[in-house]
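Peer 1: Take this structure, written in C-alpha coordinates, and hold onto it; I'll ask about it next.
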Amino acid sequence: MKNKKKWIFLGIVALLLIIFGAYRYFIYVLQDQWSEKDTAIARAKQEAGIVSVADAQKSVWDQNSIYWVVEGTNKTGQEVMVWVQFTDQGKPKEGQNTVHQELLSSGMSKEKMKAKIKSSIPGIKDMRLVPGVYNGEYVWQLFYKVEDHYYYQFYRFSDGAEIGSPFTLPNR
(Lines give C-alpha, C1' and ligand atoms only; values in the text may rest on other atoms or scores of the structure.)
Protein backbone atom coordinates (compact mmCIF):
# COMPACT_ATOMS: atom_id res chain seq x y z
CA MET A 1 0.00 0.00 0.00
CA LYS A 2 2.86 2.36 0.84
CA ASN A 3 4.46 1.73 -2.58
CA LYS A 4 1.15 2.53 -4.35
CA LYS A 5 0.86 5.92 -2.57
CA LYS A 6 4.42 6.73 -3.58
CA TRP A 7 3.62 6.08 -7.29
CA ILE A 8 0.43 8.13 -7.11
CA PHE A 9 2.37 11.00 -5.54
CA LEU A 10 5.11 10.76 -8.21
CA GLY A 11 2.45 10.63 -10.94
CA ILE A 12 0.80 13.79 -9.64
CA VAL A 13 4.16 15.57 -9.39
CA ALA A 14 5.05 14.51 -12.96
CA LEU A 15 1.66 15.72 -14.24
CA LEU A 16 2.10 19.09 -12.50
CA LEU A 17 5.59 19.44 -14.00
CA ILE A 18 4.23 18.70 -17.48
CA ILE A 19 1.44 21.27 -17.04
CA PHE A 20 3.91 23.87 -15.76
CA GLY A 21 6.28 23.16 -18.68
CA ALA A 22 3.45 23.52 -21.22
CA TYR A 23 2.41 26.81 -19.61
CA ARG A 24 5.98 28.17 -19.72
CA TYR A 25 6.31 27.09 -23.38
CA PHE A 26 3.05 28.90 -24.21
CA ILE A 27 4.39 32.07 -22.55
CA TYR A 28 7.72 31.72 -24.38
CA VAL A 29 6.04 31.36 -27.78
CA LEU A 30 3.70 34.35 -27.34
CA GLN A 31 5.95 36.81 -25.50
CA ASP A 32 7.26 38.42 -28.71
CA GLN A 33 3.71 38.96 -29.98
CA TRP A 34 2.66 40.49 -26.66
CA SER A 35 5.73 42.70 -26.64
CA GLU A 36 4.93 43.98 -30.16
CA LYS A 37 1.36 44.71 -29.13
CA ASP A 38 2.49 46.63 -26.04
CA THR A 39 4.98 48.62 -28.14
CA ALA A 40 2.27 49.48 -30.69
CA ILE A 41 -0.10 50.63 -27.96
CA ALA A 42 2.62 52.77 -26.34
CA ARG A 43 3.47 54.32 -29.71
CA ALA A 44 -0.21 55.01 -30.44
CA LYS A 45 -0.58 56.68 -27.07
CA GLN A 46 2.54 58.77 -27.62
CA GLU A 47 1.98 59.78 -31.27
CA ALA A 48 -1.82 59.92 -31.49
CA GLY A 49 -2.78 60.84 -27.95
CA ILE A 50 -4.89 57.78 -27.20
CA VAL A 51 -5.91 57.68 -23.55
CA SER A 52 -7.80 54.37 -23.51
CA VAL A 53 -7.40 51.33 -25.75
CA ALA A 54 -10.37 49.23 -26.84
CA ASP A 55 -8.55 46.79 -29.14
CA ALA A 56 -5.25 46.17 -30.93
CA GLN A 57 -4.87 43.84 -33.90
CA LYS A 58 -1.97 42.87 -36.11
CA SER A 59 -2.42 43.07 -39.86
CA VAL A 60 0.09 41.65 -42.32
CA TRP A 61 -0.35 41.67 -46.08
CA ASP A 62 3.21 41.76 -47.37
CA GLN A 63 6.71 42.60 -46.14
CA ASN A 64 6.02 46.36 -46.36
CA SER A 65 2.51 46.19 -44.92
CA ILE A 66 2.99 45.00 -41.35
CA TYR A 67 0.81 47.07 -39.03
CA TRP A 68 -0.63 46.99 -35.58
CA VAL A 69 -3.96 48.79 -35.59
CA VAL A 70 -4.97 50.25 -32.24
CA GLU A 71 -8.54 51.30 -31.62
CA GLY A 72 -9.25 53.61 -28.72
CA THR A 73 -10.36 56.97 -27.44
CA ASN A 74 -8.36 60.18 -27.69
CA LYS A 75 -8.08 63.04 -25.19
CA THR A 76 -11.24 64.71 -26.51
CA GLY A 77 -13.28 61.51 -26.11
CA GLN A 78 -13.47 60.67 -29.80
CA GLU A 79 -12.98 57.11 -31.00
CA VAL A 80 -9.91 56.73 -33.25
CA MET A 81 -8.05 54.06 -35.19
CA VAL A 82 -4.26 54.28 -35.23
CA TRP A 83 -2.11 52.33 -37.71
CA VAL A 84 1.45 51.75 -36.42
CA GLN A 85 3.83 50.34 -39.03
CA PHE A 86 6.34 47.64 -38.05
CA THR A 87 9.36 46.08 -39.71
CA ASP A 88 9.56 42.37 -40.46
CA GLN A 89 11.87 42.07 -37.42
CA GLY A 90 8.98 43.09 -35.13
CA LYS A 91 10.19 46.63 -34.41
CA PRO A 92 8.19 49.80 -35.06
CA LYS A 93 9.32 51.68 -38.17
CA GLU A 94 10.78 55.11 -37.63
CA GLY A 95 10.25 58.22 -39.71
CA GLN A 96 7.36 60.01 -41.34
CA ASN A 97 4.08 58.29 -42.18
CA THR A 98 4.75 55.32 -39.90
CA VAL A 99 1.88 56.23 -37.56
CA HIS A 100 -1.49 57.23 -39.01
CA GLN A 101 -4.70 58.03 -37.17
CA GLU A 102 -8.27 58.53 -38.29
CA LEU A 103 -11.44 59.25 -36.41
CA LEU A 104 -13.79 56.30 -36.48
CA SER A 105 -16.59 58.70 -37.33
CA SER A 106 -14.81 59.67 -40.57
CA GLY A 107 -14.62 56.05 -41.73
CA MET A 108 -16.70 52.90 -41.83
CA SER A 109 -17.09 51.15 -38.49
CA LYS A 110 -16.59 47.41 -38.23
CA GLU A 111 -20.30 46.84 -37.67
CA LYS A 112 -21.31 48.90 -40.73
CA MET A 113 -18.72 47.08 -42.86
CA LYS A 114 -19.98 43.67 -41.72
CA ALA A 115 -23.57 44.62 -42.55
CA LYS A 116 -22.52 45.92 -45.98
CA ILE A 117 -20.50 42.78 -46.70
CA LYS A 118 -23.28 40.40 -45.65
CA SER A 119 -25.70 42.15 -47.97
CA SER A 120 -23.30 42.23 -50.93
CA ILE A 121 -21.80 38.70 -50.74
CA PRO A 122 -24.49 36.02 -50.59
CA GLY A 123 -23.58 32.78 -48.82
CA ILE A 124 -20.64 34.26 -46.90
CA LYS A 125 -19.29 32.12 -44.05
CA ASP A 126 -16.38 32.30 -41.62
CA MET A 127 -15.92 36.05 -42.03
CA ARG A 128 -12.90 37.72 -40.38
CA LEU A 129 -12.61 41.49 -40.76
CA VAL A 130 -9.50 43.36 -39.59
CA PRO A 131 -8.19 46.84 -40.30
CA GLY A 132 -4.99 46.99 -42.31
CA VAL A 133 -3.13 48.59 -45.20
CA TYR A 134 -3.25 47.55 -48.85
CA ASN A 135 -1.31 49.33 -51.61
CA GLY A 136 -0.77 52.33 -49.34
CA GLU A 137 -4.48 52.72 -48.48
CA TYR A 138 -6.02 52.23 -45.05
CA VAL A 139 -8.51 49.41 -45.44
CA TRP A 140 -10.69 46.76 -43.96
CA GLN A 141 -9.18 43.38 -44.86
CA LEU A 142 -11.80 40.67 -45.24
CA PHE A 143 -11.04 36.95 -45.14
CA TYR A 144 -14.09 34.84 -45.91
CA LYS A 145 -15.46 31.59 -47.26
CA VAL A 146 -18.18 31.07 -49.86
CA GLU A 147 -19.12 27.45 -50.52
CA ASP A 148 -15.76 25.64 -50.51
CA HIS A 149 -13.47 28.54 -51.51
CA TYR A 150 -11.63 31.06 -49.34
CA TYR A 151 -11.09 34.67 -50.42
CA TYR A 152 -9.44 37.93 -49.42
CA GLN A 153 -11.09 41.24 -50.29
CA PHE A 154 -10.16 44.80 -49.35
CA TYR A 155 -12.47 47.72 -48.64
CA ARG A 156 -11.40 51.34 -48.23
CA PHE A 157 -11.64 52.41 -44.59
CA SER A 158 -12.89 55.90 -45.39
CA ASP A 159 -15.96 54.97 -47.45
CA GLY A 160 -16.19 51.16 -47.55
CA ALA A 161 -15.64 50.96 -51.32
CA GLU A 162 -14.18 47.74 -52.71
CA ILE A 163 -10.56 47.91 -53.80
CA GLY A 164 -9.89 45.57 -56.69
CA SER A 165 -11.37 42.13 -57.00
CA PRO A 166 -11.24 39.31 -54.47
CA PHE A 167 -8.12 37.14 -54.16
CA THR A 168 -9.10 33.48 -54.43
CA LEU A 169 -7.09 31.04 -52.36
CA PRO A 170 -6.51 27.61 -53.93
CA ASN A 171 -8.32 24.58 -52.56
CA ARG A 172 -6.21 21.92 -50.96
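By order in the C-alpha coordinates, chains are A, B, ...; within a chain, residues start at 1; ligands start at 1, following the order shown.
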Skip Asn97 of chain A itself and residues of its chain fewer than 6 positions away, then list as a short mmCIF file (atom, residue, chain, number, x, y, z; two decimals) with C-alpha atoms, in the first residue's frame all residues within 10 Å of it, counting only C-alpha atoms.
Peer 2:
```cif
data_model
loop_
_atom_site.label_atom_id
_atom_site.label_comp_id
_atom_site.auth_asym_id
_atom_site.auth_seq_id
_atom_site.Cartn_x
_atom_site.Cartn_y
_atom_site.Cartn_z
CA TRP A 83 -2.11 52.33 -37.71
CA VAL A 84 1.45 51.75 -36.42
CA GLN A 85 3.83 50.34 -39.03
#
```
Peer 1: Could you find all residues in segment 49-149 of chain A that DSSP calls helix (DSSP H, G or I) from the backbone, and write them as a list in words?
Peer 2: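 Matching residues for helix (DSSP H, G or I) in segment 49-149 of chain A are Leu104, Ser105, Ser106, Lys110, Glu111, Lys112, Met113, Lys114, Ala115, Lys116, Ile117, Lys118, Ser119 and Ser120 of chain A.
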Peer 1: Would you export the selected residues with all heavy atoms as a CSV table (one decimal), in the first residue's frame, please?
Peer 2:
```csv
chain,number,residue,atom,x,y,z
A,104,LEU,N,-12.9,57.3,-36.1
A,104,LEU,CA,-13.8,56.3,-36.5
A,104,LEU,C,-15.0,56.9,-37.2
A,104,LEU,O,-15.6,56.3,-38.1
A,104,LEU,CB,-14.2,55.5,-35.3
A,104,LEU,CG,-13.5,54.1,-35.2
A,104,LEU,CD1,-13.7,53.5,-33.8
A,104,LEU,CD2,-14.0,53.2,-36.3
A,105,SER,N,-15.4,58.1,-36.7
A,105,SER,CA,-16.6,58.7,-37.3
A,105,SER,C,-16.3,59.1,-38.8
A,105,SER,O,-17.3,59.3,-39.5
A,105,SER,CB,-17.0,59.9,-36.5
A,105,SER,OG,-16.0,60.9,-36.4
A,106,SER,N,-15.1,59.3,-39.2
A,106,SER,CA,-14.8,59.7,-40.6
A,106,SER,C,-14.6,58.5,-41.5
A,106,SER,O,-14.3,58.6,-42.7
A,106,SER,CB,-13.6,60.6,-40.6
A,106,SER,OG,-12.4,59.8,-40.3
A,110,LYS,N,-16.6,48.9,-38.0
A,110,LYS,CA,-16.6,47.4,-38.2
A,110,LYS,C,-18.0,46.9,-38.4
A,110,LYS,O,-18.3,46.0,-39.3
A,110,LYS,CB,-15.9,46.7,-37.1
A,110,LYS,CG,-15.6,45.3,-37.3
A,110,LYS,CD,-14.7,44.7,-36.3
A,110,LYS,CE,-14.1,43.4,-36.7
A,110,LYS,NZ,-13.1,42.9,-35.8
A,111,GLU,N,-18.9,47.3,-37.6
A,111,GLU,CA,-20.3,46.8,-37.7
A,111,GLU,C,-21.0,47.2,-39.0
A,111,GLU,O,-21.6,46.4,-39.6
A,111,GLU,CB,-21.1,47.4,-36.5
A,111,GLU,CG,-20.7,46.9,-35.1
A,111,GLU,CD,-19.4,47.5,-34.6
A,111,GLU,OE1,-19.1,48.6,-35.0
A,111,GLU,OE2,-18.7,46.8,-33.8
A,112,LYS,N,-20.7,48.5,-39.4
A,112,LYS,CA,-21.3,48.9,-40.7
A,112,LYS,C,-20.7,48.1,-41.9
A,112,LYS,O,-21.4,47.7,-42.8
A,112,LYS,CB,-21.1,50.4,-40.9
A,112,LYS,CG,-21.9,51.3,-40.1
A,112,LYS,CD,-21.6,52.8,-40.4
A,112,LYS,CE,-22.4,53.7,-39.5
A,112,LYS,NZ,-22.0,55.1,-39.7
A,113,MET,N,-19.4,47.9,-41.8
A,113,MET,CA,-18.7,47.1,-42.9
A,113,MET,C,-19.3,45.7,-42.9
A,113,MET,O,-19.5,45.1,-44.0
A,113,MET,CB,-17.2,47.0,-42.6
A,113,MET,CG,-16.4,48.1,-43.2
A,113,MET,SD,-16.7,48.6,-45.0
A,113,MET,CE,-16.6,47.1,-45.8
A,114,LYS,N,-19.4,45.0,-41.7
A,114,LYS,CA,-20.0,43.7,-41.7
A,114,LYS,C,-21.4,43.6,-42.3
A,114,LYS,O,-21.7,42.7,-43.1
A,114,LYS,CB,-20.0,43.1,-40.3
A,114,LYS,CG,-18.7,42.6,-39.8
A,114,LYS,CD,-18.8,42.0,-38.5
A,114,LYS,CE,-17.4,41.4,-38.1
A,114,LYS,NZ,-17.5,40.6,-36.8
A,115,ALA,N,-22.2,44.6,-42.0
A,115,ALA,CA,-23.6,44.6,-42.5
A,115,ALA,C,-23.5,44.8,-44.1
A,115,ALA,O,-24.2,44.1,-44.8
A,115,ALA,CB,-24.4,45.7,-41.9
A,116,LYS,N,-22.7,45.7,-44.5
A,116,LYS,CA,-22.5,45.9,-46.0
A,116,LYS,C,-22.0,44.7,-46.7
A,116,LYS,O,-22.5,44.3,-47.7
A,116,LYS,CB,-21.5,47.1,-46.2
A,116,LYS,CG,-21.3,47.4,-47.7
A,116,LYS,CD,-20.3,48.5,-47.9
A,116,LYS,CE,-20.1,48.6,-49.4
A,116,LYS,NZ,-19.3,49.8,-49.7
A,117,ILE,N,-21.1,44.0,-46.1
A,117,ILE,CA,-20.5,42.8,-46.7
A,117,ILE,C,-21.5,41.7,-46.8
A,117,ILE,O,-21.7,41.0,-47.8
A,117,ILE,CB,-19.2,42.3,-45.9
A,117,ILE,CG1,-18.1,43.3,-46.1
A,117,ILE,CG2,-18.8,40.9,-46.3
A,117,ILE,CD1,-17.0,43.2,-45.2
A,118,LYS,N,-22.3,41.5,-45.7
A,118,LYS,CA,-23.3,40.4,-45.6
A,118,LYS,C,-24.4,40.6,-46.7
A,118,LYS,O,-24.9,39.7,-47.3
A,118,LYS,CB,-23.9,40.3,-44.3
A,118,LYS,CG,-23.0,39.6,-43.3
A,118,LYS,CD,-23.6,39.5,-41.9
A,118,LYS,CE,-22.6,38.8,-40.9
A,118,LYS,NZ,-23.1,38.7,-39.6
A,119,SER,N,-24.7,41.9,-47.0
A,119,SER,CA,-25.7,42.1,-48.0
A,119,SER,C,-25.2,42.0,-49.4
A,119,SER,O,-25.9,41.8,-50.3
A,119,SER,CB,-26.3,43.5,-47.7
A,119,SER,OG,-25.4,44.5,-48.0
A,120,SER,N,-23.9,42.2,-49.6
A,120,SER,CA,-23.3,42.2,-50.9
A,120,SER,C,-22.7,40.9,-51.4
A,120,SER,O,-22.5,40.6,-52.5
A,120,SER,CB,-22.2,43.3,-51.1
A,120,SER,OG,-21.1,43.0,-50.3
```
Peer 1: Can you pull out every residue within 8 Å of Ala56 of chain A, counting only C-alpha atoms, but drop anything in the same chain fewer than 2 positions away, and send it as an NGL selection string?
Peer 2: :A and (37 or 41 or 53-54 or 58 or 68-71)
Peer 1: Any chance you could list, as a VMD selection string, the residues in segment 55-128 of chain A that come up strand (DSSP E or B) when DSSP is run on the backbone?
Peer 2: chain A and resid 55 to 60 66 to 74 79 to 86 92 99 to 103 124 to 128
Peer 1: Restricting the calculation to only C-alpha atoms: of A:Ala22, A:Ala48, A:Leu129, A:Leu169, which residue gets closest to Phe154 of chain A?
Peer 2: A:Leu129
